[in-house]
Amino acid sequence: MFTSIPGRAWPNVLMSGDDPVVTLRPIRRSDAGAWRSARQKNLHWLSPWDATVPPGGEGRPTTFRALVKRLSRAARQGTTYPFVIEVDGRFAGQVSVNNIVRGSAQFASIGYWIDQAYAGRGVVPRAVAMVIDHCFLTAGLHRVEICIRPENTNSLRVVEKLGVREVGYAPRFLHIDGEWRDHRIFAITKEEAPRGVLARLIESGGDVSAAE
């Protein structure tokens with residue numbers, strides 16, 4: 001994996017692969033058109049898995065500009081790393097490191113979405129592997145968690161390919177698609193991937209065949 005600025009957690013650019021080339025970079029205001037197009041085109045593909053605001057909750061940003069401003073502020077505070085996924089230089093989705101906790105925990109969670117046009121090319125497993133390695137090897141985190149609805153078979157295949165083990169089950173864990181939804185909890189620690197998750201994925205061939 002190529003890292004534009006070795007040793008820096010954020011902002012940074014990560015890149016790997018050649019067919020396709022997967023690049024992770026900070027989200028920016030100029031992504032507005034591509035982001036809106038992807039979200040509108042993939043409305044039915046993404047909406048069953050999208051986080052929503054429960055009754056009485058704090059409202060989400062209403063414009064893309066406000067979204068980027070909020071994410072950039074959180075990134076400066078060190079609580080999130082909001083990456084855009086590019087495939088061969090084209091906007092394809094997002095993968096974000098969220099809820100970063102330092103101190104004795106050194107923990108974070110990962111969330112992601114992908115344009116359906118890029119599904120089935122090994123993009124998501126590779127992007128998530130790159131982010132996990134960045135968390136462990138550069139950002140100094142110790143444990144990364146991925147929470148997935150039991151019905152989301154595409155995401156379940158991602159953690160299977162990456163060898164991220166299931167550690168628990170959380171009833172009514174997150175407000176998704178308008179309701180409180182159960183989630184299966186998967187997690188990995190730095191000790192479980194001493195050579196990196198991306199290297200393990202490549203060796204297994206899991207980044208080039210089965211669909212995300």
# chains A, B, ... in the order shown; residues from 1 in each chain; ligands from 1

call {"tool": "residues_around", "arguments": {"residues": "Leu174 of chain A", "least_positions_apart": "5", "cutoff": "8 Å", "atoms": "only C-alpha atoms", "output": "list in words"}}
result
Ala51, Trp180, Arg181, Asp182 and His183 of chain A

call {"tool": "closest_atom_pairs", "arguments": {"of": "segment 96-163 of chain A", "to": "segment 36-47 of chain A", "cutoff": "12 Å", "atoms": "only C-alpha atoms", "output": "JSON lines"}}
result
{"residue": "A:Tyr112", "atom": "CA", "partner": "A:Leu46", "partner_atom": "CA", "distance": 10.5}
{"residue": "A:Trp113", "atom": "CA", "partner": "A:Leu46", "partner_atom": "CA", "distance": 7.5}
{"residue": "A:Ile114", "atom": "CA", "partner": "A:Leu46", "partner_atom": "CA", "distance": 8.4}
{"residue": "A:Asp115", "atom": "CA", "partner": "A:Ala38", "partner_atom": "CA", "distance": 6.2}
{"residue": "A:Gln116", "atom": "CA", "partner": "A:Asn42", "partner_atom": "CA", "distance": 6.7}
{"residue": "A:Ala117", "atom": "CA", "partner": "A:Asn42", "partner_atom": "CA", "distance": 9.0}
{"residue": "A:Tyr118", "atom": "CA", "partner": "A:Ala38", "partner_atom": "CA", "distance": 11.0}
{"residue": "A:Ala119", "atom": "CA", "partner": "A:Trp45", "partner_atom": "CA", "distance": 10.9}
{"residue": "A:Asn152", "atom": "CA", "partner": "A:Leu46", "partner_atom": "CA", "distance": 10.8}
{"residue": "A:Asn154", "atom": "CA", "partner": "A:Trp45", "partner_atom": "CA", "distance": 11.2}
{"residue": "A:Ser155", "atom": "CA", "partner": "A:Leu46", "partner_atom": "CA", "distance": 11.9}

call {"tool": "residues_around", "arguments": {"residues": "Thr189 of chain A", "least_positions_apart": "5", "cutoff": "7 Å", "atoms": "only C-alpha atoms", "output": "count of residues only"}}
result
3

call {"tool": "closest_residue", "arguments": {"among": "A:Gly17, A:Pro125, A:Pro11, A:Gly57", "to": "Gly78 of chain A", "atoms": "only C-alpha atoms"}}
result
A:Pro11

call {"tool": "select_by_dssp", "arguments": {"residues": "chain A", "states": "helix (DSSP H, G or I)", "output": "ChimeraX atom specification"}}
result
/A:29-41,43-49,64-77,116-118,123-137,153-162,190-192,197-204

call {"tool": "closest_residue", "arguments": {"among": "A:Pro150, A:Gly205, A:Pro171, A:Gly140", "to": "Arg8 of chain A", "atoms": "only C-alpha atoms"}}
result
A:Gly140

call {"tool": "residues_around", "arguments": {"residues": "Ile110 of chain A", "least_positions_apart": "2", "cutoff": "6 Å", "atoms": "only C-alpha atoms", "output": "PyMOL selection string"}}
result
chain A and resi 96-98+146

call {"tool": "atom_distance", "arguments": {"atom1": "atom CA of Ala139 of chain A", "atom2": "atom CA of Pro6 of chain A"}}
result
10.7 Å

call {"tool": "atom_distance", "arguments": {"atom1": "atom CA of Pro26 of chain A", "atom2": "atom CA of Phe107 of chain A"}}
result
20.2 Å

call {"tool": "atom_distance", "arguments": {"atom1": "atom CA of Glu160 of chain A", "atom2": "atom CA of Ala92 of chain A"}}
result
21.8 Å

call {"tool": "closest_residue", "arguments": {"among": "A:Ser4, A:Thr63, A:Ser16, A:Thr52", "to": "Ala32 of chain A", "atoms": "only C-alpha atoms"}}
result
A:Thr63

call {"tool": "decode", "arguments": {"residues": "segment 101-112 of chain A", "atoms": "N, CA, C and O atoms", "output": "mmCIF file, in the first residue's frame"}}
result
data_model
loop_
_atom_site.group_PDB
_atom_site.id
_atom_site.type_symbol
_atom_site.label_atom_id
_atom_site.label_comp_id
_atom_site.auth_asym_id
_atom_site.auth_seq_id
_atom_site.Cartn_x
_atom_site.Cartn_y
_atom_site.Cartn_z
ATOM 1 N N VAL A 101 -11.508 6.602 19.760
ATOM 2 C CA VAL A 101 -11.316 6.784 21.199
ATOM 3 C C VAL A 101 -9.847 6.532 21.508
ATOM 4 O O VAL A 101 -9.297 5.495 21.147
ATOM 5 N N ARG A 102 -9.226 7.457 22.186
ATOM 6 C CA ARG A 102 -7.815 7.301 22.547
ATOM 7 C C ARG A 102 -7.714 6.813 23.996
ATOM 8 O O ARG A 102 -8.492 5.997 24.424
ATOM 9 N N GLY A 103 -6.738 7.265 24.720
ATOM 10 C CA GLY A 103 -6.577 6.827 26.097
ATOM 11 C C GLY A 103 -6.277 5.339 26.174
ATOM 12 O O GLY A 103 -5.488 4.800 25.394
ATOM 13 N N SER A 104 -6.914 4.656 27.107
ATOM 14 C CA SER A 104 -6.647 3.233 27.305
ATOM 15 C C SER A 104 -7.338 2.343 26.287
ATOM 16 O O SER A 104 -7.052 1.147 26.206
ATOM 17 N N ALA A 105 -8.248 2.901 25.480
ATOM 18 C CA ALA A 105 -9.002 2.083 24.517
ATOM 19 C C ALA A 105 -8.303 1.966 23.165
ATOM 20 O O ALA A 105 -8.170 0.871 22.617
ATOM 21 N N GLN A 106 -7.885 3.095 22.559
ATOM 22 C CA GLN A 106 -7.275 3.110 21.228
ATOM 23 C C GLN A 106 -8.142 2.311 20.256
ATOM 24 O O GLN A 106 -7.712 1.358 19.606
ATOM 25 N N PHE A 107 -9.376 2.771 20.125
ATOM 26 C CA PHE A 107 -10.423 2.028 19.428
ATOM 27 C C PHE A 107 -11.088 2.915 18.384
ATOM 28 O O PHE A 107 -11.115 4.142 18.502
ATOM 29 N N ALA A 108 -11.674 2.282 17.346
ATOM 30 C CA ALA A 108 -12.504 3.009 16.382
ATOM 31 C C ALA A 108 -13.441 2.026 15.703
ATOM 32 O O ALA A 108 -13.267 0.806 15.781
ATOM 33 N N SER A 109 -14.453 2.562 15.030
ATOM 34 C CA SER A 109 -15.346 1.742 14.211
ATOM 35 C C SER A 109 -15.245 2.205 12.762
ATOM 36 O O SER A 109 -14.843 3.340 12.482
ATOM 37 N N ILE A 110 -15.604 1.319 11.851
ATOM 38 C CA ILE A 110 -15.501 1.613 10.416
ATOM 39 C C ILE A 110 -16.866 1.446 9.765
ATOM 40 O O ILE A 110 -17.582 0.473 10.016
ATOM 41 N N GLY A 111 -17.219 2.411 8.914
ATOM 42 C CA GLY A 111 -18.425 2.333 8.107
ATOM 43 C C GLY A 111 -18.088 2.641 6.661
ATOM 44 O O GLY A 111 -17.100 3.327 6.378
ATOM 45 N N TYR A 112 -18.924 2.174 5.726
ATOM 46 C CA TYR A 112 -18.601 2.365 4.313
ATOM 47 C C TYR A 112 -19.850 2.220 3.460
ATOM 48 O O TYR A 112 -20.852 1.638 3.872
#
